[in-house]
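Asker: input.cif is reproduced below (mmCIF, C-alpha atoms).
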```
data_work
loop_
_atom_site.label_atom_id
_atom_site.label_comp_id
_atom_site.auth_asym_id
_atom_site.auth_seq_id
_atom_site.Cartn_x
_atom_site.Cartn_y
_atom_site.Cartn_z
CA MET V 496 -4.01 -14.21 -21.41
CA LYS V 497 -0.55 -14.34 -19.81
CA ALA V 498 1.17 -17.69 -20.08
CA ILE V 499 4.37 -16.48 -18.39
CA GLU V 500 5.20 -13.43 -16.31
CA TRP V 501 8.53 -12.44 -14.73
CA LEU V 502 8.15 -11.23 -11.14
CA GLY V 503 11.74 -10.26 -10.36
CA ASP V 504 12.87 -13.37 -8.49
CA ARG V 505 10.28 -15.90 -9.69
CA VAL V 506 8.10 -16.71 -12.66
CA LYS V 507 4.32 -16.79 -12.68
CA VAL V 508 2.83 -19.28 -15.14
CA LEU V 509 -0.65 -20.45 -16.02
CA ASP V 510 -0.85 -24.21 -15.48
CA GLN V 511 -2.14 -25.30 -18.86
CA THR V 512 -2.85 -28.84 -17.69
CA LYS V 513 -5.76 -27.53 -15.60
CA LEU V 514 -7.57 -25.83 -18.49
CA PRO V 515 -10.41 -25.42 -19.25
CA ILE V 516 -11.78 -26.49 -15.87
CA LYS V 517 -9.64 -24.19 -13.79
CA GLU V 518 -7.35 -21.18 -14.28
CA ALA V 519 -4.57 -22.04 -11.87
CA TYR V 520 -1.34 -20.06 -11.61
CA LEU V 521 2.01 -21.26 -10.31
CA GLU V 522 4.85 -19.14 -8.96
CA LEU V 523 8.16 -20.86 -9.65
CA SER V 524 11.41 -19.69 -8.06
CA ARG V 525 13.82 -22.50 -9.05
CA TYR V 526 15.06 -23.61 -12.45
CA GLN V 527 14.14 -27.19 -11.48
CA ASP V 528 10.51 -26.06 -11.14
CA ILE V 529 10.63 -24.54 -14.62
CA ALA V 530 12.10 -27.76 -16.02
CA SER V 531 9.39 -29.85 -14.36
CA ALA V 532 6.64 -27.52 -15.57
CA ILE V 533 7.89 -27.90 -19.16
CA LEU V 534 8.19 -31.69 -18.89
CA GLU V 535 4.69 -31.94 -17.44
CA LEU V 536 3.25 -29.58 -20.13
CA LYS V 537 2.19 -26.98 -17.60
CA ILE V 538 4.18 -24.72 -19.91
CA ARG V 539 3.96 -25.75 -23.57
CA GLY V 540 4.21 -24.40 -27.09
CA ALA V 541 7.61 -23.86 -28.74
CA PRO V 542 7.84 -20.05 -28.36
CA ALA V 543 6.57 -20.18 -24.75
CA ILE V 544 9.07 -22.92 -23.92
CA GLY V 545 11.87 -20.73 -25.27
CA VAL V 546 10.73 -17.87 -23.04
CA ALA V 547 10.42 -20.21 -20.05
CA VAL V 548 13.94 -21.63 -20.31
CA GLY V 549 15.34 -18.11 -20.58
CA TYR V 550 13.71 -17.25 -17.28
CA GLY V 551 14.69 -20.67 -15.91
CA LEU V 552 18.36 -20.02 -16.58
CA ALA V 553 18.05 -16.57 -14.97
CA LEU V 554 16.51 -18.18 -11.86
CA GLY V 555 19.31 -20.74 -11.79
CA ALA V 556 21.87 -17.95 -12.02
CA LEU V 557 20.35 -16.10 -9.07
CA LYS V 558 20.81 -19.18 -6.87
CA ILE V 559 24.52 -19.65 -7.67
CA LYS V 560 26.60 -18.51 -4.70
CA THR V 561 30.15 -18.45 -6.07
CA GLY V 562 31.80 -15.09 -6.71
CA THR V 563 34.28 -16.47 -9.24
CA PRO V 564 33.19 -15.94 -12.87
CA ASP V 565 34.66 -19.23 -14.11
CA ASN V 566 32.97 -21.24 -11.35
CA PHE V 567 29.74 -19.33 -11.94
CA ARG V 568 29.77 -20.19 -15.64
CA ARG V 569 30.57 -23.82 -14.85
CA GLU V 570 27.56 -24.11 -12.53
CA LEU V 571 25.38 -22.26 -15.01
CA LYS V 572 26.26 -24.83 -17.69
CA ALA V 573 24.74 -27.54 -15.50
CA VAL V 574 21.53 -25.50 -15.21
CA SER V 575 21.46 -25.06 -18.98
CA ARG V 576 21.92 -28.80 -19.57
CA ALA V 577 19.02 -29.61 -17.27
CA LEU V 578 16.71 -27.19 -19.08
CA ALA V 579 17.87 -28.41 -22.51
CA ALA V 580 16.89 -31.98 -21.59
CA THR V 581 13.21 -31.15 -21.11
CA ARG V 582 11.90 -31.15 -24.73
CA PRO V 583 14.10 -32.20 -27.69
CA THR V 584 12.03 -30.98 -30.63
CA ALA V 585 11.32 -27.28 -30.00
CA ARG V 586 14.09 -25.20 -31.61
CA ASN V 587 13.07 -22.08 -29.63
CA LEU V 588 14.23 -23.76 -26.42
CA PHE V 589 17.79 -24.27 -27.65
CA ARG V 590 18.03 -20.88 -29.31
CA ALA V 591 17.04 -19.17 -26.04
CA LEU V 592 19.65 -21.12 -24.10
CA GLU V 593 22.32 -20.29 -26.69
CA ARG V 594 21.53 -16.59 -26.34
CA MET V 595 21.67 -16.76 -22.56
CA GLU V 596 24.96 -18.66 -22.58
CA ARG V 597 26.55 -16.04 -24.86
CA VAL V 598 25.57 -13.34 -22.36
CA ALA V 599 27.07 -15.36 -19.50
CA GLU V 600 30.42 -15.52 -21.30
CA LYS V 601 30.77 -11.74 -21.13
CA GLY V 602 31.99 -9.86 -18.07
CA GLU V 603 33.99 -10.71 -14.97
CA ASP V 604 31.59 -9.53 -12.25
CA VAL V 605 29.18 -12.26 -11.23
CA GLU V 606 26.44 -9.94 -10.00
CA ARG V 607 26.51 -7.98 -13.24
CA ILE V 608 26.37 -11.19 -15.24
CA LYS V 609 23.31 -12.27 -13.25
CA GLN V 610 21.55 -8.99 -14.02
CA ALA V 611 22.54 -9.26 -17.67
CA LEU V 612 20.98 -12.73 -17.80
CA ILE V 613 17.73 -11.42 -16.33
CA ASN V 614 17.72 -8.60 -18.88
CA GLU V 615 18.35 -11.06 -21.71
CA ALA V 616 15.52 -13.35 -20.59
CA ILE V 617 13.14 -10.39 -20.55
CA ALA V 618 14.40 -9.36 -24.00
CA ILE V 619 13.76 -12.87 -25.34
CA HIS V 620 10.19 -12.68 -24.02
CA ASN V 621 9.58 -9.23 -25.50
CA GLU V 622 11.06 -10.18 -28.85
CA GLU V 623 8.96 -13.35 -29.12
CA ALA V 624 5.83 -11.34 -28.31
CA GLU V 625 6.72 -8.74 -30.95
CA ALA V 626 7.54 -11.43 -33.52
CA THR V 627 4.25 -13.25 -33.05
CA LEU V 628 2.27 -10.03 -33.39
CA LYS V 629 4.13 -9.07 -36.55
CA LEU V 630 3.76 -12.48 -38.20
CA SER V 631 0.07 -12.50 -37.25
CA LYS V 632 -0.44 -9.19 -39.05
CA LEU V 633 1.36 -10.48 -42.14
CA GLY V 634 -0.50 -13.78 -42.14
CA ALA V 635 -3.90 -12.17 -41.67
CA GLU V 636 -3.60 -10.76 -45.18
CA LEU V 637 -3.75 -14.33 -46.54
CA LEU V 638 -7.15 -15.03 -44.98
CA LYS V 639 -10.14 -14.04 -47.07
CA ASP V 640 -13.28 -12.55 -45.59
CA GLY V 641 -15.84 -15.30 -45.04
CA SER V 642 -13.26 -18.07 -44.82
CA THR V 643 -13.42 -21.20 -42.71
CA ILE V 644 -10.01 -22.12 -41.32
CA LEU V 645 -8.97 -25.44 -39.85
CA THR V 646 -6.27 -25.37 -37.18
CA HIS V 647 -4.55 -28.06 -35.15
CA CYS V 648 -3.22 -28.22 -31.59
CA ASN V 649 -2.78 -24.90 -29.76
CA THR V 650 -0.98 -21.85 -31.11
CA GLY V 651 -2.48 -18.89 -29.27
CA PRO V 652 -1.14 -16.61 -26.53
CA LEU V 653 -0.68 -19.48 -24.09
CA ALA V 654 1.57 -21.42 -26.47
CA THR V 655 3.65 -18.41 -27.46
CA ALA V 656 3.83 -16.13 -24.41
CA GLY V 657 2.88 -13.47 -26.93
CA TYR V 658 0.11 -12.85 -29.45
CA GLY V 659 -0.05 -16.27 -31.09
CA THR V 660 1.16 -17.90 -34.30
CA ALA V 661 -1.47 -19.80 -36.30
CA LEU V 662 -4.18 -18.68 -33.90
CA GLY V 663 -2.63 -15.22 -33.87
CA VAL V 664 -3.10 -14.97 -37.64
CA ILE V 665 -6.76 -15.94 -37.25
CA ARG V 666 -7.17 -13.55 -34.34
CA GLN V 667 -5.61 -10.62 -36.20
CA ALA V 668 -7.84 -11.14 -39.25
CA PHE V 669 -10.93 -11.44 -37.05
CA GLU V 670 -10.09 -8.34 -35.02
CA HIS V 671 -9.77 -6.38 -38.27
CA GLY V 672 -13.30 -7.20 -39.29
CA LYS V 673 -13.01 -10.33 -41.40
CA LYS V 674 -15.87 -12.75 -40.86
CA LEU V 675 -14.22 -16.07 -40.10
CA LYS V 676 -15.14 -19.49 -38.81
CA VAL V 677 -12.73 -21.99 -37.32
CA PHE V 678 -12.58 -25.76 -37.11
CA ALA V 679 -10.40 -26.67 -34.12
CA THR V 680 -9.23 -30.27 -33.89
CA GLU V 681 -9.30 -31.84 -30.44
CA THR V 682 -5.63 -32.92 -30.83
CA ARG V 683 -5.16 -36.33 -29.30
CA PRO V 684 -3.72 -37.65 -27.12
CA LEU V 685 -3.54 -34.63 -24.77
CA LEU V 686 -6.44 -32.66 -26.22
CA GLN V 687 -4.69 -29.30 -26.50
CA GLY V 688 -7.25 -28.27 -29.11
CA ALA V 689 -10.28 -29.23 -27.06
CA ARG V 690 -8.91 -27.95 -23.75
CA ILE V 691 -6.89 -24.88 -24.71
CA THR V 692 -7.60 -23.71 -28.27
CA ALA V 693 -11.35 -23.94 -27.70
CA TRP V 694 -10.90 -22.01 -24.44
CA GLU V 695 -8.88 -19.27 -26.17
CA LEU V 696 -11.28 -19.01 -29.13
CA LYS V 697 -14.18 -18.68 -26.71
CA GLN V 698 -12.34 -15.95 -24.81
CA LEU V 699 -11.65 -14.14 -28.10
CA LYS V 700 -15.28 -14.59 -29.26
CA ILE V 701 -14.17 -16.10 -32.57
CA PRO V 702 -16.83 -18.47 -34.00
CA PHE V 703 -15.55 -22.04 -33.99
CA THR V 704 -16.53 -25.69 -34.06
CA LEU V 705 -14.59 -28.35 -32.19
CA ILE V 706 -14.04 -31.56 -34.15
CA THR V 707 -12.18 -34.80 -33.54
CA ASP V 708 -8.90 -35.21 -35.39
CA SER V 709 -10.40 -37.86 -37.68
CA MET V 710 -13.20 -35.54 -38.87
CA ALA V 711 -10.90 -33.21 -40.82
CA GLY V 712 -11.06 -35.21 -44.07
CA TYR V 713 -14.85 -35.31 -43.93
CA PHE V 714 -15.21 -31.53 -43.73
CA MET V 715 -12.57 -30.99 -46.41
CA SER V 716 -14.37 -33.38 -48.75
CA LYS V 717 -17.58 -31.41 -48.23
CA GLY V 718 -15.90 -28.17 -49.28
CA GLU V 719 -16.24 -26.66 -45.81
CA VAL V 720 -12.55 -25.82 -45.24
CA ASP V 721 -10.94 -22.92 -47.12
CA CYS V 722 -7.45 -23.19 -45.65
CA VAL V 723 -5.43 -24.91 -42.95
CA ILE V 724 -3.07 -23.00 -40.69
CA VAL V 725 -0.82 -24.56 -38.06
CA GLY V 726 2.17 -23.65 -35.93
CA ALA V 727 5.58 -25.34 -35.75
CA ASP V 728 8.12 -26.59 -33.24
CA ARG V 729 11.07 -26.76 -35.61
CA ILE V 730 11.54 -25.92 -39.29
CA ALA V 731 14.49 -27.28 -41.29
CA LEU V 732 16.39 -25.27 -43.89
CA ASN V 733 14.40 -26.82 -46.75
CA GLY V 734 11.05 -25.91 -45.16
CA ASP V 735 10.19 -29.34 -43.76
CA THR V 736 8.25 -28.67 -40.58
CA ALA V 737 7.83 -30.54 -37.30
CA ASN V 738 4.58 -29.86 -35.51
CA LYS V 739 2.11 -31.64 -33.25
CA LEU V 740 1.37 -35.20 -34.35
CA GLY V 741 -1.43 -35.20 -36.90
CA THR V 742 -0.17 -32.17 -38.82
CA TYR V 743 1.30 -34.32 -41.59
CA THR V 744 -2.07 -36.04 -42.03
CA LEU V 745 -3.81 -32.69 -42.38
CA ALA V 746 -1.23 -31.49 -44.90
CA VAL V 747 -1.72 -34.55 -47.12
CA LEU V 748 -5.50 -34.16 -46.92
CA ALA V 749 -5.25 -30.46 -47.75
CA LYS V 750 -3.09 -31.21 -50.80
CA GLU V 751 -5.58 -33.81 -52.03
CA HIS V 752 -8.41 -31.28 -51.76
CA ALA V 753 -6.42 -28.32 -53.18
CA ILE V 754 -6.68 -26.42 -49.89
CA PRO V 755 -3.88 -23.96 -48.95
CA PHE V 756 -1.78 -25.20 -46.03
CA TYR V 757 0.05 -22.49 -44.07
CA VAL V 758 2.65 -22.78 -41.30
CA ALA V 759 2.98 -19.80 -38.93
CA ALA V 760 6.06 -19.55 -36.72
CA PRO V 761 8.64 -17.00 -35.57
CA LEU V 762 12.10 -17.19 -37.09
CA THR V 763 13.40 -18.57 -33.80
CA THR V 764 11.64 -21.82 -34.74
CA ILE V 765 13.77 -22.25 -37.86
CA ASP V 766 16.86 -24.42 -37.54
CA PRO V 767 19.09 -23.71 -40.57
CA ALA V 768 21.64 -26.23 -39.28
CA LEU V 769 19.26 -29.04 -40.30
CA ALA V 770 19.10 -29.68 -44.04
CA SER V 771 15.74 -31.45 -43.94
CA GLY V 772 13.05 -32.76 -41.66
CA ASP V 773 14.77 -36.14 -41.52
CA GLU V 774 17.21 -34.57 -39.07
CA ILE V 775 14.60 -33.12 -36.68
CA PRO V 776 14.59 -35.00 -33.34
CA ILE V 777 11.12 -36.28 -32.49
CA GLU V 778 10.14 -36.49 -28.82
CA GLN V 779 8.72 -39.82 -27.70
CA ARG V 780 6.40 -39.35 -24.75
CA SER V 781 4.87 -41.77 -22.23
CA PRO V 782 2.40 -44.37 -23.59
CA ASP V 783 0.22 -43.50 -20.58
CA GLU V 784 -0.83 -40.32 -22.39
CA VAL V 785 -2.44 -42.52 -25.04
CA THR V 786 -4.01 -45.13 -22.77
CA HIS V 787 -5.30 -42.60 -20.22
CA ILE V 788 -7.09 -39.25 -20.35
CA GLN V 789 -6.34 -37.08 -17.33
CA GLY V 790 -5.50 -40.16 -15.31
CA VAL V 791 -8.55 -42.21 -16.34
CA ALA V 792 -7.80 -45.41 -18.26
CA ILE V 793 -9.49 -45.68 -21.66
CA ALA V 794 -7.68 -48.82 -22.84
CA PRO V 795 -6.99 -52.29 -21.40
CA ALA V 796 -4.18 -52.45 -18.86
CA GLY V 797 -0.81 -53.73 -19.98
CA ILE V 798 -1.15 -53.04 -23.71
CA GLU V 799 1.56 -51.52 -25.89
CA ALA V 800 1.00 -47.93 -27.08
CA ALA V 801 3.12 -45.55 -29.16
CA ASN V 802 3.30 -41.82 -28.47
CA PRO V 803 5.48 -39.70 -30.78
CA ALA V 804 4.68 -36.11 -29.87
CA PHE V 805 5.36 -34.64 -33.33
CA ASP V 806 5.44 -35.53 -37.00
CA VAL V 807 7.22 -33.87 -39.93
CA THR V 808 5.41 -32.32 -42.86
CA PRO V 809 7.54 -32.30 -46.04
CA ASN V 810 7.81 -28.90 -47.71
CA LYS V 811 5.94 -30.08 -50.83
CA TYR V 812 2.69 -29.98 -48.82
CA ILE V 813 3.23 -26.45 -47.48
CA THR V 814 1.79 -23.45 -49.34
CA ALA V 815 3.74 -20.82 -47.36
CA ILE V 816 5.58 -20.28 -44.09
CA ILE V 817 4.51 -17.12 -42.26
CA THR V 818 7.23 -15.44 -40.18
CA GLU V 819 7.80 -11.97 -38.77
CA GLY V 820 10.44 -11.49 -41.45
CA GLY V 821 7.98 -12.13 -44.24
CA ILE V 822 5.97 -14.86 -45.94
CA ILE V 823 8.27 -17.53 -47.34
CA ARG V 824 7.28 -19.57 -50.37
CA GLU V 825 9.07 -22.13 -52.54
CA PRO V 826 11.97 -22.54 -52.91
CA TYR V 827 12.04 -22.55 -49.11
CA GLY V 828 15.78 -22.93 -48.73
CA GLU V 829 16.47 -19.66 -50.53
CA GLY V 830 13.71 -17.82 -48.70
CA ILE V 831 14.77 -19.08 -45.29
CA LYS V 832 18.39 -18.10 -45.88
CA LYS V 833 17.31 -14.62 -46.96
CA TYR V 834 15.07 -13.90 -43.98
CA PHE V 835 17.39 -15.59 -41.55
CA ARG V 836 20.26 -13.41 -42.70
CA GLU V 837 18.21 -10.21 -42.59
CA VAL V 838 16.31 -10.67 -39.33
CA ILE V 839 18.15 -13.14 -37.08
CA THR V 840 21.59 -12.14 -35.83
#
```
Let's see the structure in the file written out as structure tokens.

Answerer:
Amino acid sequence: MKAIEWLGDRVKVLDQTKLPIKEAYLELSRYQDIASAILELKIRGAPAIGVAVGYGLALGALKIKTGTPDNFRRELKAVSRALAATRPTARNLFRALERMERVAEKGEDVERIKQALINEAIAIHNEEAEATLKLSKLGAELLKDGSTILTHCNTGPLATAGYGTALGVIRQAFEHGKKLKVFATETRPLLQGARITAWELKQLKIPFTLITDSMAGYFMSKGEVDCVIVGADRIALNGDTANKLGTYTLAVLAKEHAIPFYVAAPLTTIDPALASGDEIPIEQRSPDEVTHIQGVAIAPAGIEAANPAFDVTPNKYITAIITEGGIIREPYGEGIKKYFREVIT
């Protein structure tokens, strides 16, 4: 499953809006196309978005004609701003752009800077893939043989451009012989769980049951869920975590039923500049995504609808945060500082 692939002067992406009906690939050669694909959720998932904007900035650099380094960097800043405006919540996006901009500041030969940007974008992709595999191996140790795991939204290869985060942990445990079952929530309003997670689980041959978001409490109350594992789009210094809307609800339910609640994310998702989840920007998306499903109206015309894309789970509901640097437990601030210092440079 390749969400994103660099082809030298363009990027090949799987259009995730077409799943599971059709596997359609797009070849994008302009940064504007990358930006549109992210906005339209053809590319989605925090780690994959970070990879995509890295390639997007490289594509933008290739199109800049000036031979003057200062002018080149000025034009590149405009490209970076356009990519940064696509999704406000995912920390991986901004970290990738920061890395790329640091590379652009070095050197006085425009052609060499362009090649350095391509190399850096590829490095970002490779590092995210390696990080998701490593955290999946670490997290798999937390899953007991015979467990039933509930997961929310989509956190597999297509969301990470690598191995996966929450779904990667499940996948790693399953591939090493643990007998597991999965409850996958449909994830309203855009049904990433029903459309994409179910598709990936089927491809991986992992036993699963698709449920509506509102069924989670029922199955927890019946003792049918052993743990919950989700991904993240941004994690504050204190461990508060922003993830797909509905995650907070699951965390509260898990706490009530004494069920472990794990967050799996690469260190690039952590934002140590934010003291708590209160500071995490939450993307507000079009109400049409709530009132329509794939263009078909399911609600009366002209009504008001709200559509925050993410919610924040306070750290008190989180059992552990699984990263490639290690498994972080309370107190999260100390653990995050330690791993951030040791792994992220």

Asker: Please provide the set of residues having any atom within 10 Å of Ile831 in chain V, restricted to only C-alpha atoms, with same-chain residues fewer than 5 positions apart removed, written as a PDB file with C-alpha atoms, in the frame of the given file.

Answerer:
```pdb
ATOM      1  CA  ILE V 730      11.540 -25.920 -39.290  1.00  0.00           C
ATOM      2  CA  ALA V 731      14.490 -27.280 -41.290  1.00  0.00           C
ATOM      3  CA  LEU V 732      16.390 -25.270 -43.890  1.00  0.00           C
ATOM      4  CA  ASN V 733      14.400 -26.820 -46.750  1.00  0.00           C
ATOM      5  CA  GLY V 734      11.050 -25.910 -45.160  1.00  0.00           C
ATOM      6  CA  LEU V 762      12.100 -17.190 -37.090  1.00  0.00           C
ATOM      7  CA  ILE V 765      13.770 -22.250 -37.860  1.00  0.00           C
ATOM      8  CA  ASP V 766      16.860 -24.420 -37.540  1.00  0.00           C
ATOM      9  CA  PRO V 767      19.090 -23.710 -40.570  1.00  0.00           C
ATOM     10  CA  ILE V 816       5.580 -20.280 -44.090  1.00  0.00           C
ATOM     11  CA  THR V 818       7.230 -15.440 -40.180  1.00  0.00           C
ATOM     12  CA  GLY V 820      10.440 -11.490 -41.450  1.00  0.00           C
ATOM     13  CA  GLY V 821       7.980 -12.130 -44.240  1.00  0.00           C
ATOM     14  CA  ILE V 822       5.970 -14.860 -45.940  1.00  0.00           C
ATOM     15  CA  ILE V 823       8.270 -17.530 -47.340  1.00  0.00           C
ATOM     16  CA  ARG V 824       7.280 -19.570 -50.370  1.00  0.00           C
ATOM     17  CA  GLU V 825       9.070 -22.130 -52.540  1.00  0.00           C
ATOM     18  CA  PRO V 826      11.970 -22.540 -52.910  1.00  0.00           C
ATOM     19  CA  ARG V 836      20.260 -13.410 -42.700  1.00  0.00           C
ATOM     20  CA  GLU V 837      18.210 -10.210 -42.590  1.00  0.00           C
TER      21      GLU V 837
END
```

Asker: Run the PyMOL selection byres ((chain V and resi 503) around 12) mentally over the shown coordinates, then write out the matched residues as a PyMOL selection string, using the chain letters and numbers from the document.

Answerer: chain V and resi 500-502+504-507+522-524+550+553-554+557+610+613-614+616-617

Asker: Using the chain letters and numbers from this file, what does the PyMOL selection byres ((chain V and resi 540) around 8) select? Give the answer as an NGL selection string.

Answerer: :V and (538-539 or 541-544 or 649-650 or 653-655 or 728)

Asker: Calculated over all atoms listed in the file, which of the candidates V:Ala760, V:Glu719, V:Ala573, V:Asn621 has the smallest distance to Leu633 in chain V?

Answerer: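 Of all the options, V:Ala760 lies closest to Leu633 in chain V.
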
Asker: For the file shown, what are the residues hit by the PyMOL selection byres ((chain V and resi 772-779) around 8), laid out as a list in words?

Answerer: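 Evaluating the PyMOL selection byres ((chain V and resi 772-779) around 8) on this file yields Arg582, Pro583, Thr584, Arg729, Ile730, Ala731, Asn733, Gly734, Asp735, Thr736, Ala737, Leu769, Ala770, Ser771, Arg780, Ser781, Asn802, Pro803, Ala804, Phe805, Asp806, Val807, Thr808 and Pro809 of chain V.
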
Asker: In Å, with one decimal, what is the gap from CA of Gly726 in chain V to CA of Val664 in chain V?

Answerer: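 Computed distance, CA of Gly726 in chain V to CA of Val664 in chain V, equals 10.3 Å.
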
Asker: Excluding Glu600 in chain V and any residue of its chain fewer than 6 positions from it, enumerate the residues within 9 Å of it, using only C-alpha atoms, and give them as a PyMOL selection string.

Answerer: chain V and resi 564+568+608
